[in-house]
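Participant: Next up, input.csv (CSV, C-alpha atoms).
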```csv
chain,number,residue,atom,x,y,z
A,7,MET,CA,87.2,113.3,68.2
A,8,ILE,CA,90.2,112.5,70.3
A,9,LYS,CA,89.3,108.7,70.2
A,10,ALA,CA,89.2,108.6,66.4
A,11,GLU,CA,92.6,110.5,66.2
A,12,LEU,CA,94.2,108.1,68.7
A,13,GLU,CA,92.9,105.1,66.8
A,14,LYS,CA,94.4,106.4,63.6
A,15,GLU,CA,97.7,107.0,65.4
A,16,PHE,CA,97.6,103.5,66.8
A,17,ARG,CA,97.1,102.0,63.3
A,18,ASN,CA,100.0,104.1,62.0
A,19,ARG,CA,102.4,102.9,64.6
A,20,PHE,CA,101.4,99.3,64.9
A,21,GLN,CA,99.7,98.5,61.6
A,22,ARG,CA,96.7,97.1,63.4
A,23,GLU,CA,93.6,98.1,65.4
A,24,ALA,CA,93.6,99.0,69.1
A,25,THR,CA,91.2,96.6,71.0
A,26,TYR,CA,91.1,98.4,74.3
A,27,HIS,CA,90.8,102.1,75.3
A,28,PHE,CA,91.4,103.5,78.8
A,29,PHE,CA,91.7,106.9,80.4
A,30,CYS,CA,93.1,108.1,83.7
A,31,PRO,CA,92.8,111.8,84.9
A,32,GLY,CA,95.3,113.9,86.7
A,33,ARG,CA,94.5,115.6,90.0
A,34,VAL,CA,94.7,118.8,92.0
A,35,ASN,CA,94.7,119.1,95.8
A,36,LEU,CA,91.9,121.5,96.7
A,37,ILE,CA,93.2,122.2,100.2
A,38,GLY,CA,95.4,120.6,102.8
A,39,GLU,CA,99.0,121.2,101.6
A,40,HIS,CA,102.1,119.8,103.3
A,41,ILE,CA,100.1,118.2,106.1
A,42,ASP,CA,99.8,114.6,104.9
A,43,TYR,CA,103.2,113.7,106.4
A,44,ASN,CA,102.1,115.4,109.6
A,45,GLY,CA,99.1,113.2,110.2
A,46,GLY,CA,96.6,115.5,108.5
A,47,GLU,CA,94.0,115.0,105.7
A,48,VAL,CA,94.2,116.1,102.1
A,49,MET,CA,91.3,117.0,99.8
A,50,PRO,CA,92.2,116.1,96.2
A,51,CYS,CA,89.9,115.8,93.3
A,52,ALA,CA,90.5,114.2,89.9
A,53,VAL,CA,90.4,116.7,86.9
A,54,SER,CA,89.1,116.3,83.4
A,55,SER,CA,92.6,116.3,81.7
A,56,GLY,CA,94.7,113.1,81.9
A,57,THR,CA,96.2,110.2,80.0
A,58,TRP,CA,94.7,108.0,77.3
A,59,LEU,CA,96.0,104.5,76.7
A,60,LEU,CA,95.1,102.4,73.6
A,61,LEU,CA,96.2,98.8,73.7
A,62,ALA,CA,96.2,95.6,71.8
A,63,ARG,CA,97.7,92.2,72.8
A,64,ASN,CA,100.3,90.7,70.5
A,65,ASP,CA,101.7,87.2,70.0
A,66,ASP,CA,105.3,88.4,69.6
A,67,LYS,CA,106.0,88.3,73.4
A,68,GLN,CA,107.0,92.0,73.2
A,69,PHE,CA,105.9,95.1,75.2
A,70,ARG,CA,106.0,97.9,72.7
A,71,PHE,CA,105.7,101.4,74.2
A,72,ARG,CA,104.8,104.5,72.1
A,73,CYS,CA,103.7,107.9,73.2
A,74,LEU,CA,102.4,110.9,71.2
A,75,ASN,CA,104.0,113.3,73.8
A,76,PHE,CA,107.6,111.9,73.6
A,77,SER,CA,109.7,110.6,70.7
A,78,GLU,CA,111.4,107.8,72.7
A,79,THR,CA,110.1,104.3,72.0
A,80,ALA,CA,110.8,100.9,73.6
A,81,ASP,CA,110.3,97.3,72.3
A,82,LEU,CA,111.1,95.0,75.1
A,83,PRO,CA,110.8,91.2,75.3
A,84,VAL,CA,108.4,89.8,77.9
A,85,GLN,CA,110.7,88.7,80.8
A,86,PRO,CA,110.2,88.1,84.6
A,87,ALA,CA,111.7,91.4,85.8
A,88,TYR,CA,112.9,94.8,84.6
A,89,THR,CA,115.0,97.6,86.0
A,90,LYS,CA,114.8,101.3,85.3
A,91,THR,CA,117.2,102.7,82.8
A,92,GLY,CA,117.6,106.4,82.1
A,93,LYS,CA,114.9,108.9,82.6
A,94,GLU,CA,112.6,108.0,79.6
A,95,TRP,CA,108.8,108.2,80.1
A,96,PHE,CA,108.3,104.5,79.4
A,97,ASN,CA,110.0,103.6,82.8
A,98,TYR,CA,106.6,104.5,84.4
A,99,PRO,CA,104.5,101.8,82.6
A,100,LEU,CA,107.5,99.4,82.6
A,101,GLY,CA,107.7,99.8,86.4
A,102,VAL,CA,104.0,98.8,86.7
A,103,ILE,CA,104.5,95.7,84.5
A,104,HIS,CA,107.6,94.8,86.6
A,105,HIS,CA,105.7,95.1,89.9
A,106,LEU,CA,102.7,93.2,88.7
A,107,GLN,CA,105.0,90.4,87.6
A,108,GLN,CA,106.7,90.5,91.0
A,109,ALA,CA,103.3,90.1,92.6
A,110,GLY,CA,102.8,86.8,90.7
A,111,HIS,CA,100.6,88.1,87.8
A,112,VAL,CA,101.3,86.7,84.4
A,113,LEU,CA,101.3,89.3,81.6
A,114,GLU,CA,101.7,88.7,77.8
A,115,GLY,CA,102.8,90.9,74.9
A,116,MET,CA,101.1,94.2,74.4
A,117,ASP,CA,101.3,97.2,72.0
A,118,LEU,CA,100.6,100.3,74.0
A,119,LEU,CA,100.0,103.9,72.8
A,120,TYR,CA,99.8,106.7,75.3
A,121,TYR,CA,98.7,110.3,75.0
A,122,GLY,CA,98.4,112.9,77.7
A,123,ASN,CA,97.1,116.4,77.9
A,124,LEU,CA,98.4,117.2,81.3
A,125,PRO,CA,101.4,119.6,81.5
A,126,ILE,CA,104.4,117.5,82.4
A,127,GLY,CA,106.2,118.4,85.7
A,128,ALA,CA,103.5,120.9,86.7
A,129,GLY,CA,102.4,119.0,89.8
A,130,LEU,CA,99.1,117.6,88.3
A,131,SER,CA,100.2,114.0,88.6
A,132,SER,CA,101.0,113.1,85.0
A,133,SER,CA,103.2,110.3,86.3
A,134,ALA,CA,100.6,108.8,88.6
A,135,SER,CA,98.1,109.0,85.7
A,136,ILE,CA,100.4,106.9,83.5
A,137,GLU,CA,101.0,104.4,86.3
A,138,VAL,CA,97.4,104.0,87.3
A,139,VAL,CA,96.1,103.7,83.7
A,140,THR,CA,98.7,101.0,83.0
A,141,ALA,CA,97.8,99.0,86.1
A,142,PHE,CA,94.1,99.3,85.4
A,143,ALA,CA,94.5,98.3,81.8
A,144,CYS,CA,96.6,95.2,82.7
A,145,SER,CA,94.1,94.2,85.4
A,146,ASN,CA,91.2,94.4,82.8
A,147,VAL,CA,93.1,92.9,79.8
A,148,PHE,CA,94.5,89.9,81.8
A,149,GLY,CA,91.7,89.4,84.3
A,150,LEU,CA,93.8,90.3,87.4
A,151,HIS,CA,90.7,91.5,89.3
A,152,LEU,CA,92.6,94.3,91.1
A,153,ASP,CA,90.4,96.9,92.9
A,154,ASN,CA,91.2,100.6,92.5
A,155,ILE,CA,92.8,101.0,96.0
A,156,SER,CA,95.1,98.1,95.2
A,157,ILE,CA,96.0,99.7,91.9
A,158,ALA,CA,96.8,103.0,93.7
A,159,LEU,CA,99.0,101.2,96.2
A,160,LEU,CA,100.8,99.3,93.4
A,161,ALA,CA,101.4,102.6,91.5
A,162,LYS,CA,102.8,104.2,94.7
A,163,LYS,CA,105.2,101.3,95.1
A,164,VAL,CA,106.3,101.7,91.5
A,165,GLU,CA,107.0,105.4,92.1
A,166,ASN,CA,108.9,104.7,95.4
A,167,GLU,CA,110.9,101.6,94.4
A,168,PHE,CA,111.2,101.5,90.6
A,169,ILE,CA,111.3,105.2,89.7
A,170,GLY,CA,112.9,106.2,93.0
A,171,VAL,CA,110.7,109.1,94.1
A,172,ASN,CA,109.7,109.1,97.7
A,173,CYS,CA,106.1,110.3,97.2
A,174,GLY,CA,103.0,109.6,99.4
A,175,ILE,CA,99.8,108.0,98.3
A,176,MET,CA,97.6,111.0,97.5
A,177,ASP,CA,98.3,111.3,93.7
A,178,GLN,CA,97.7,107.7,92.9
A,179,PHE,CA,94.7,107.4,95.2
A,180,ALA,CA,93.0,110.6,93.8
A,181,VAL,CA,93.4,109.5,90.1
A,182,ALA,CA,92.3,105.9,90.8
A,183,MET,CA,89.4,106.8,93.1
A,184,GLY,CA,88.1,110.1,91.8
A,185,GLN,CA,84.4,110.7,91.3
A,186,GLN,CA,82.6,113.3,89.2
A,187,ASN,CA,81.6,116.4,91.2
A,188,LYS,CA,83.3,115.0,94.3
A,189,ALA,CA,86.3,115.8,96.4
A,190,ILE,CA,88.0,113.1,98.4
A,191,LEU,CA,88.9,113.7,102.1
A,192,LEU,CA,91.8,111.3,102.5
A,193,ASN,CA,94.0,110.4,105.4
A,194,CYS,CA,97.2,109.3,103.7
A,195,ASP,CA,98.3,107.2,106.7
A,196,THR,CA,95.3,105.1,107.3
A,197,LEU,CA,93.7,105.4,103.8
A,198,ASP,CA,90.4,106.3,105.5
A,199,TYR,CA,88.5,108.4,102.9
A,200,THR,CA,85.2,110.1,102.4
A,201,TYR,CA,83.6,111.6,99.3
A,202,LEU,CA,82.4,115.2,99.7
A,203,PRO,CA,80.1,117.0,97.3
A,204,PHE,CA,82.1,119.5,95.2
A,205,GLU,CA,79.2,121.0,93.2
A,206,ILE,CA,80.7,124.1,91.7
A,207,GLY,CA,77.6,124.8,89.5
A,208,ASP,CA,78.2,128.1,87.6
A,209,HIS,CA,81.9,128.1,88.6
A,210,ILE,CA,84.8,126.5,86.9
A,211,LEU,CA,88.0,125.1,88.5
A,212,ALA,CA,90.7,127.0,86.7
A,213,ILE,CA,94.2,125.5,86.7
A,214,ILE,CA,96.9,128.1,86.1
A,215,ASN,CA,100.3,126.5,85.3
A,216,SER,CA,103.1,129.0,86.3
A,217,ASN,CA,105.3,127.3,83.7
A,218,LYS,CA,108.2,127.6,86.2
A,219,PRO,CA,110.1,124.3,86.6
A,220,ARG,CA,109.8,123.0,90.2
A,221,THR,CA,113.6,123.0,90.8
A,222,LEU,CA,113.5,123.4,94.6
A,223,ALA,CA,110.5,121.3,95.4
A,224,ASP,CA,112.4,118.1,96.4
A,225,SER,CA,115.1,119.7,98.5
A,226,LYS,CA,112.8,122.1,100.3
A,227,TYR,CA,110.3,119.3,100.8
A,228,ASN,CA,112.9,117.3,102.8
A,229,GLU,CA,113.8,120.4,104.7
A,230,ARG,CA,110.2,121.1,105.7
A,231,PHE,CA,109.7,117.5,106.7
A,232,ALA,CA,112.7,117.7,109.0
A,233,GLU,CA,111.5,121.1,110.5
A,234,CYS,CA,108.1,119.6,111.3
A,235,GLY,CA,109.8,116.7,113.0
A,236,ALA,CA,111.9,119.0,115.1
A,237,ALA,CA,108.9,121.1,116.1
A,238,LEU,CA,106.9,118.0,117.0
A,239,GLN,CA,109.8,116.7,119.2
A,240,ARG,CA,109.8,119.9,121.2
A,241,LEU,CA,106.1,119.9,121.7
A,242,GLN,CA,106.2,116.2,122.8
A,243,GLN,CA,108.0,117.3,125.9
A,244,GLU,CA,104.6,118.1,127.3
A,245,LEU,CA,102.0,116.9,124.8
A,246,ASP,CA,101.2,113.2,124.2
A,247,VAL,CA,100.9,113.3,120.4
A,248,LYS,CA,102.2,111.3,117.5
A,249,TYR,CA,101.6,114.0,114.8
A,250,LEU,CA,101.5,117.8,114.6
A,251,CYS,CA,97.9,117.5,113.2
A,252,GLU,CA,96.6,116.1,116.4
A,253,ILE,CA,97.2,119.5,118.0
A,254,THR,CA,94.4,122.1,117.6
A,255,PRO,CA,95.3,125.8,117.0
A,256,GLU,CA,94.2,126.6,120.6
A,257,VAL,CA,96.4,123.9,122.1
A,258,PHE,CA,99.3,125.0,119.9
A,259,GLU,CA,99.0,128.6,121.2
A,260,GLN,CA,99.2,127.3,124.8
A,261,TYR,CA,102.3,125.3,124.1
A,262,ARG,CA,104.1,127.1,121.3
A,263,HIS,CA,106.7,128.4,123.8
A,264,LEU,CA,108.1,124.9,123.8
A,265,VAL,CA,109.2,125.2,120.2
A,266,ALA,CA,111.4,128.1,121.0
A,267,ASP,CA,112.5,128.7,117.5
A,268,PRO,CA,110.8,131.3,115.2
A,269,ILE,CA,111.3,129.2,112.0
A,270,LEU,CA,110.0,126.0,113.5
A,271,GLU,CA,107.1,127.9,115.1
A,272,LYS,CA,106.0,129.2,111.7
A,273,ARG,CA,106.2,125.7,110.2
A,274,ALA,CA,104.1,124.1,113.0
A,275,LEU,CA,101.6,127.0,112.9
A,276,HIS,CA,101.0,126.4,109.2
A,277,VAL,CA,100.4,122.7,109.8
A,278,VAL,CA,97.9,123.0,112.7
A,279,THR,CA,96.0,125.9,111.0
A,280,GLU,CA,95.9,124.2,107.6
A,281,ASN,CA,94.6,121.0,109.2
A,282,GLU,CA,91.8,123.1,110.8
A,283,ARG,CA,91.1,124.7,107.4
A,284,VAL,CA,90.6,121.2,105.8
A,285,LYS,CA,88.0,120.4,108.4
A,286,LEU,CA,86.2,123.8,107.9
A,287,ALA,CA,86.4,123.3,104.1
A,288,GLY,CA,84.8,119.9,104.4
A,289,LYS,CA,81.9,121.4,106.4
A,290,ALA,CA,81.6,124.2,103.8
A,291,LEU,CA,81.3,121.8,100.9
A,292,GLU,CA,78.8,119.6,102.7
A,293,ALA,CA,76.6,122.7,103.3
A,294,GLY,CA,77.1,124.0,99.8
A,295,ARG,CA,78.9,127.1,101.0
A,296,LEU,CA,81.2,127.6,98.0
A,297,GLN,CA,82.1,131.3,98.9
A,298,GLU,CA,83.4,130.1,102.3
A,299,PHE,CA,85.4,127.4,100.6
A,300,GLY,CA,87.0,130.0,98.4
A,301,GLN,CA,88.0,132.2,101.4
A,302,LEU,CA,89.6,129.1,103.0
A,303,MET,CA,91.6,128.6,99.7
A,304,TYR,CA,92.9,132.2,100.0
A,305,ALA,CA,93.8,131.6,103.7
A,306,SER,CA,95.6,128.4,102.8
A,307,HIS,CA,97.8,130.2,100.2
A,308,ARG,CA,98.6,133.0,102.6
A,309,SER,CA,99.8,130.4,105.2
A,310,LEU,CA,101.9,128.5,102.6
A,311,LYS,CA,103.5,131.8,101.5
A,312,GLU,CA,104.1,133.4,104.9
A,313,LEU,CA,104.5,130.5,107.4
A,314,TYR,CA,105.6,127.5,105.3
A,315,GLU,CA,107.4,129.5,102.7
A,316,VAL,CA,106.9,127.1,99.8
A,317,SER,CA,105.1,129.4,97.4
A,318,GLY,CA,107.3,131.7,95.2
A,319,ARG,CA,106.9,134.9,93.1
A,320,GLU,CA,105.2,133.1,90.2
A,321,LEU,CA,102.4,131.5,92.3
A,322,ASP,CA,102.0,134.6,94.4
A,323,THR,CA,101.5,136.7,91.3
A,324,ILE,CA,98.7,134.4,90.1
A,325,VAL,CA,96.9,134.5,93.5
A,326,GLU,CA,97.5,138.2,93.8
A,327,PHE,CA,95.6,138.8,90.5
A,328,CYS,CA,92.8,136.5,91.6
A,329,HIS,CA,92.2,138.7,94.7
A,330,THR,CA,91.6,141.6,92.4
A,331,TYR,CA,89.2,139.8,90.1
A,332,ALA,CA,85.7,139.8,91.5
A,333,PRO,CA,84.3,136.7,89.6
A,334,CYS,CA,87.1,134.7,91.2
A,335,ILE,CA,86.0,133.5,94.7
A,336,GLY,CA,89.1,131.6,95.8
A,337,ALA,CA,92.6,130.7,94.7
A,338,ARG,CA,95.8,129.0,96.0
A,339,MET,CA,98.9,127.2,95.0
A,340,THR,CA,98.4,123.5,94.8
A,341,GLY,CA,101.1,120.8,95.2
A,342,ALA,CA,104.6,121.0,96.7
A,343,GLY,CA,105.2,124.6,95.6
A,344,PHE,CA,108.2,126.5,94.1
A,345,GLY,CA,106.5,126.4,90.7
A,346,GLY,CA,103.9,124.1,89.4
A,347,CYS,CA,100.2,125.2,89.4
A,348,ALA,CA,97.7,127.4,91.2
A,349,ILE,CA,94.0,126.7,91.2
A,350,ALA,CA,91.1,129.2,91.2
A,351,LEU,CA,87.3,129.0,91.4
A,352,VAL,CA,86.0,131.4,88.7
A,353,GLN,CA,82.5,132.1,87.5
A,354,ARG,CA,82.0,130.0,84.3
A,355,ASP,CA,80.8,132.8,82.1
A,356,HIS,CA,83.9,134.9,83.1
A,357,PHE,CA,86.5,132.2,82.4
A,358,ASP,CA,87.7,133.5,79.0
A,359,ASP,CA,88.0,137.0,80.4
A,360,PHE,CA,89.8,135.7,83.5
A,361,ALA,CA,92.2,133.6,81.3
A,362,GLU,CA,93.1,136.6,79.2
A,363,LYS,CA,93.6,139.0,82.1
A,364,VAL,CA,95.5,136.7,84.4
A,365,SER,CA,97.8,135.9,81.5
A,366,ALA,CA,98.5,139.5,80.8
A,367,TYR,CA,99.1,140.4,84.5
A,368,TYR,CA,101.4,137.4,84.9
A,369,THR,CA,103.4,137.9,81.7
A,370,GLU,CA,104.0,141.6,82.5
A,371,ARG,CA,105.4,140.8,85.9
A,372,ILE,CA,107.2,137.4,85.3
A,373,GLY,CA,108.3,137.8,81.7
A,374,TYR,CA,106.6,134.8,80.2
A,375,ALA,CA,103.0,133.5,79.9
A,376,PRO,CA,101.3,131.0,82.2
A,377,GLY,CA,99.2,128.0,80.9
A,378,ILE,CA,95.5,128.2,81.8
A,379,PHE,CA,92.8,125.6,81.4
A,380,ALA,CA,89.4,124.9,82.7
A,381,SER,CA,88.5,121.8,84.5
A,382,ALA,CA,85.9,120.1,86.6
A,383,PRO,CA,86.0,117.5,89.4
A,384,ALA,CA,86.1,114.2,87.3
A,385,ALA,CA,85.8,110.5,87.6
A,386,GLY,CA,88.9,108.4,88.2
A,387,VAL,CA,90.5,105.7,85.9
A,388,ARG,CA,88.2,104.0,83.5
A,389,ALA,CA,87.7,102.1,80.3
A,390,VAL,CA,86.4,104.5,77.5
```
Show this structure as structure tokens.

Facilitator:
Amino acid sequence: MIKAELEKEFRNRFQREATYHFFCPGRVNLIGEHIDYNGGEVMPCAVSSGTWLLLARNDDKQFRFRCLNFSETADLPVQPAYTKTGKEWFNYPLGVIHHLQQAGHVLEGMDLLYYGNLPIGAGLSSSASIEVVTAFACSNVFGLHLDNISIALLAKKVENEFIGVNCGIMDQFAVAMGQQNKAILLNCDTLDYTYLPFEIGDHILAIINSNKPRTLADSKYNERFAECGAALQRLQQELDVKYLCEITPEVFEQYRHLVADPILEKRALHVVTENERVKLAGKALEAGRLQEFGQLMYASHRSLKELYEVSGRELDTIVEFCHTYAPCIGARMTGAGFGGCAIALVQRDHFDDFAEKVSAYYTERIGYAPGIFASAPAAGVRAV
């Protein structure tokens, strides 16, 4: 259905047929929050919602950008380089085109129509989804032969250098490399990765959008980054480590006196225990122990709330409800925190009831409703 609708919209906007169709998912991080910059591993999976791109080449030497989610449009001549102007959505695909050209690839005119069903600014990687689908499309349409890891690295470069956001690789990697019914265990430093079975069977991955703008996320992110660095420095007086995640919880207990600051101790304790939870979560998935995985999700949220202090009333309210709802076996905030989304593992045949009840519970306490949708671990970027 969606394909036919989009083809019709493409005809309306460009008075011609689309010749290529692509899709790139968004992502959630299942567990392993705020440890990537401390040398730990993350465990994202691609989700079933994402960004569609319909495309046709043109002979007018123009890049024409249209999107069903935003009213702004751009018609730009093909030229060797571009710079970001303003905050419009089309800067994301434009940045991809710019960086492909800087890498020596020759691109010609294109008519591009985007449509996404990921909530914007909710921490589900809508921007990474747009970047990766654009790079993947250009590679296919112009025969650039880029593999998906190269596409993820290019998209990260766009985010860092063209858009000006100092993000890591997780988002772009997860949406480029996702596989159906699989989680990815990823070291963001080395790009070493493993696929883990994420067979959730009669459960659904519920994504609950707090609908709270993530106003504090960037400033608090930088603050936590600095706090972890300070804790590490103090531990390095006696420990030969490069990252906090090289320290086990047992070793940390032995040397925590070196930190000598209650705030820094809390931050470091989250990092070393969350890193341990990721390892345990990987073993639980490999053994098909979904209940155990759910308990680790709850423990992760508690740590992010009490030790790392990046949750917030909205996300805590969602997880609080999940604890009281028996068909939900695990829940946690996902992403940087201070708004954005929580995820929960809910029995499939209870999903509608869950959605109704969590919404009522949240609305009563917070004053506005959350957004709730069901997802499943999905494949990464692809032609459709």

Participant: Can you tell me, as a PyMOL selection string, what residues are no more than 10 Å from Tyr26 in chain A when counting all atoms listed in the file, ignoring any on the same chain fewer than 2 positions away?

Facilitator: chain A and resi 23-24+28+59-63+118+143+146-147+389-390

Participant: Generate a file of the selected residues that holds C-alpha atoms, formatted as an mmCIF file, in the frame of the given file.

Facilitator:
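Dumped everything to out_35.cif:
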```cif
data_model
loop_
_atom_site.group_PDB
_atom_site.id
_atom_site.type_symbol
_atom_site.label_atom_id
_atom_site.label_comp_id
_atom_site.auth_asym_id
_atom_site.auth_seq_id
_atom_site.Cartn_x
_atom_site.Cartn_y
_atom_site.Cartn_z
ATOM 1 C CA GLU A 23 93.600 98.100 65.400
ATOM 2 C CA ALA A 24 93.600 99.000 69.100
ATOM 3 C CA PHE A 28 91.400 103.500 78.800
ATOM 4 C CA LEU A 59 96.000 104.500 76.700
ATOM 5 C CA LEU A 60 95.100 102.400 73.600
ATOM 6 C CA LEU A 61 96.200 98.800 73.700
ATOM 7 C CA ALA A 62 96.200 95.600 71.800
ATOM 8 C CA ARG A 63 97.700 92.200 72.800
ATOM 9 C CA LEU A 118 100.600 100.300 74.000
ATOM 10 C CA ALA A 143 94.500 98.300 81.800
ATOM 11 C CA ASN A 146 91.200 94.400 82.800
ATOM 12 C CA VAL A 147 93.100 92.900 79.800
ATOM 13 C CA ALA A 389 87.700 102.100 80.300
ATOM 14 C CA VAL A 390 86.400 104.500 77.500
#
```

Participant: Neighbouring residues of Ala236 in chain A were defined as those with any atom within 8 Å, considering all atoms listed in the file; residues of the same chain fewer than 4 positions away were excluded. Please report them as a PyMOL selection string.

Facilitator: chain A and resi 232+240+270

Participant: Hey, which of A:Arg295, A:Thr279, A:Gly345, A:Asp117 ends up closest to Arg17 in chain A? Count only C-alpha atoms.

Facilitator: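 Closest residue, counting only C-alpha atoms: A:Asp117.
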
Participant: Any idea what's packed within 10 Å of Val34 in chain A, counting only C-alpha atoms, ignoring anything in its chain fewer than 4 positions away? Could you give it as a PyMOL selection string?

Facilitator: chain A and resi 49-53+129-131+176-177+180-181+189+211+213+339-341+347-349+383

Participant: Using the selection just defined, write its residues with C-alpha atoms as a PDB file, in the frame of the given file.

Facilitator:
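What landed in out_25.pdb:
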```pdb
ATOM      1  CA  MET A  49      91.300 117.000  99.800  1.00  0.00           C
ATOM      2  CA  PRO A  50      92.200 116.100  96.200  1.00  0.00           C
ATOM      3  CA  CYS A  51      89.900 115.800  93.300  1.00  0.00           C
ATOM      4  CA  ALA A  52      90.500 114.200  89.900  1.00  0.00           C
ATOM      5  CA  VAL A  53      90.400 116.700  86.900  1.00  0.00           C
ATOM      6  CA  GLY A 129     102.400 119.000  89.800  1.00  0.00           C
ATOM      7  CA  LEU A 130      99.100 117.600  88.300  1.00  0.00           C
ATOM      8  CA  SER A 131     100.200 114.000  88.600  1.00  0.00           C
ATOM      9  CA  MET A 176      97.600 111.000  97.500  1.00  0.00           C
ATOM     10  CA  ASP A 177      98.300 111.300  93.700  1.00  0.00           C
ATOM     11  CA  ALA A 180      93.000 110.600  93.800  1.00  0.00           C
ATOM     12  CA  VAL A 181      93.400 109.500  90.100  1.00  0.00           C
ATOM     13  CA  ALA A 189      86.300 115.800  96.400  1.00  0.00           C
ATOM     14  CA  LEU A 211      88.000 125.100  88.500  1.00  0.00           C
ATOM     15  CA  ILE A 213      94.200 125.500  86.700  1.00  0.00           C
ATOM     16  CA  MET A 339      98.900 127.200  95.000  1.00  0.00           C
ATOM     17  CA  THR A 340      98.400 123.500  94.800  1.00  0.00           C
ATOM     18  CA  GLY A 341     101.100 120.800  95.200  1.00  0.00           C
ATOM     19  CA  CYS A 347     100.200 125.200  89.400  1.00  0.00           C
ATOM     20  CA  ALA A 348      97.700 127.400  91.200  1.00  0.00           C
ATOM     21  CA  ILE A 349      94.000 126.700  91.200  1.00  0.00           C
ATOM     22  CA  PRO A 383      86.000 117.500  89.400  1.00  0.00           C
TER      23      PRO A 383
END
```

Participant: Can you work out the spacing between CA of Val138 in chain A and CA of Ile210 in chain A in Å, to one decimal?

Facilitator: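 Those two atoms sit 25.8 Å apart.
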
Participant: What would the list of residues within 8 Å of (90.7, 128.0, 95.1) (file frame) look like as a PyMOL selection string, if only C-alpha atoms are what count?

Facilitator: chain A and resi 36+211+299-300+303-304+335-338+349-351

Participant: Restricting the calculation to all atoms listed in the file, which member of A:Pro376, A:Gly92, A:Pro83, A:Gly38 is positioned closest to Met116 in chain A?

Facilitator: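 For Met116 in chain A, the nearest of the candidates is A:Pro83.
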
Participant: To one decimal place in Å, what is the distance between CA of Val84 in chain A and CA of Asp65 in chain A?

Facilitator: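 Computed distance, CA of Val84 in chain A to CA of Asp65 in chain A, equals 10.7 Å.
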
Participant: Skip Ala182 in chain A itself and residues of its chain fewer than 3 positions away, then list as number ranges by chain all residues within 6 Å of it, counting all atoms listed in the file.

Facilitator: A: 154, 179, 386-387

Participant: Would you mind exporting C-alpha atoms of the selected residues as a short mmCIF file (atom, residue, chain, number, x, y, z; two decimals), in the frame of the given file?

Facilitator:
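Result saved to part.cif:
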```cif
data_model
loop_
_atom_site.label_atom_id
_atom_site.label_comp_id
_atom_site.auth_asym_id
_atom_site.auth_seq_id
_atom_site.Cartn_x
_atom_site.Cartn_y
_atom_site.Cartn_z
CA ASN A 154 91.20 100.60 92.50
CA PHE A 179 94.70 107.40 95.20
CA GLY A 386 88.90 108.40 88.20
CA VAL A 387 90.50 105.70 85.90
#
```

Participant: Near Pro99 in chain A, counting only C-alpha atoms, which residues have an atom at most 8 Å away, once you skip same-chain residues fewer than 6 positions from it, shown as a list in words?

Facilitator: Ile136, Glu137 and Thr140 of chain A

Participant: Suppose you want the space between CA of Tyr249 in chain A and CA of Gly46 in chain A; what is it in Å?

Facilitator: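 According to the coordinates, CA of Tyr249 in chain A and CA of Gly46 in chain A are separated by 8.2 Å.
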
Participant: Smallest atom-to-atom distance to Cys234 in chain A: which of A:Cys173, A:Leu202, A:Cys144, A:Leu250, using all atoms listed in the file?

Facilitator: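 Nearest to Cys234 in chain A: A:Leu250.
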
Participant: With only C-alpha atoms as the atoms that count, which of A:Leu119, A:Leu113, A:Leu321, A:Leu313 lies nearest to Arg70 in chain A?

Facilitator: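 The shortest atom-to-atom distance to Arg70 in chain A comes from A:Leu119.
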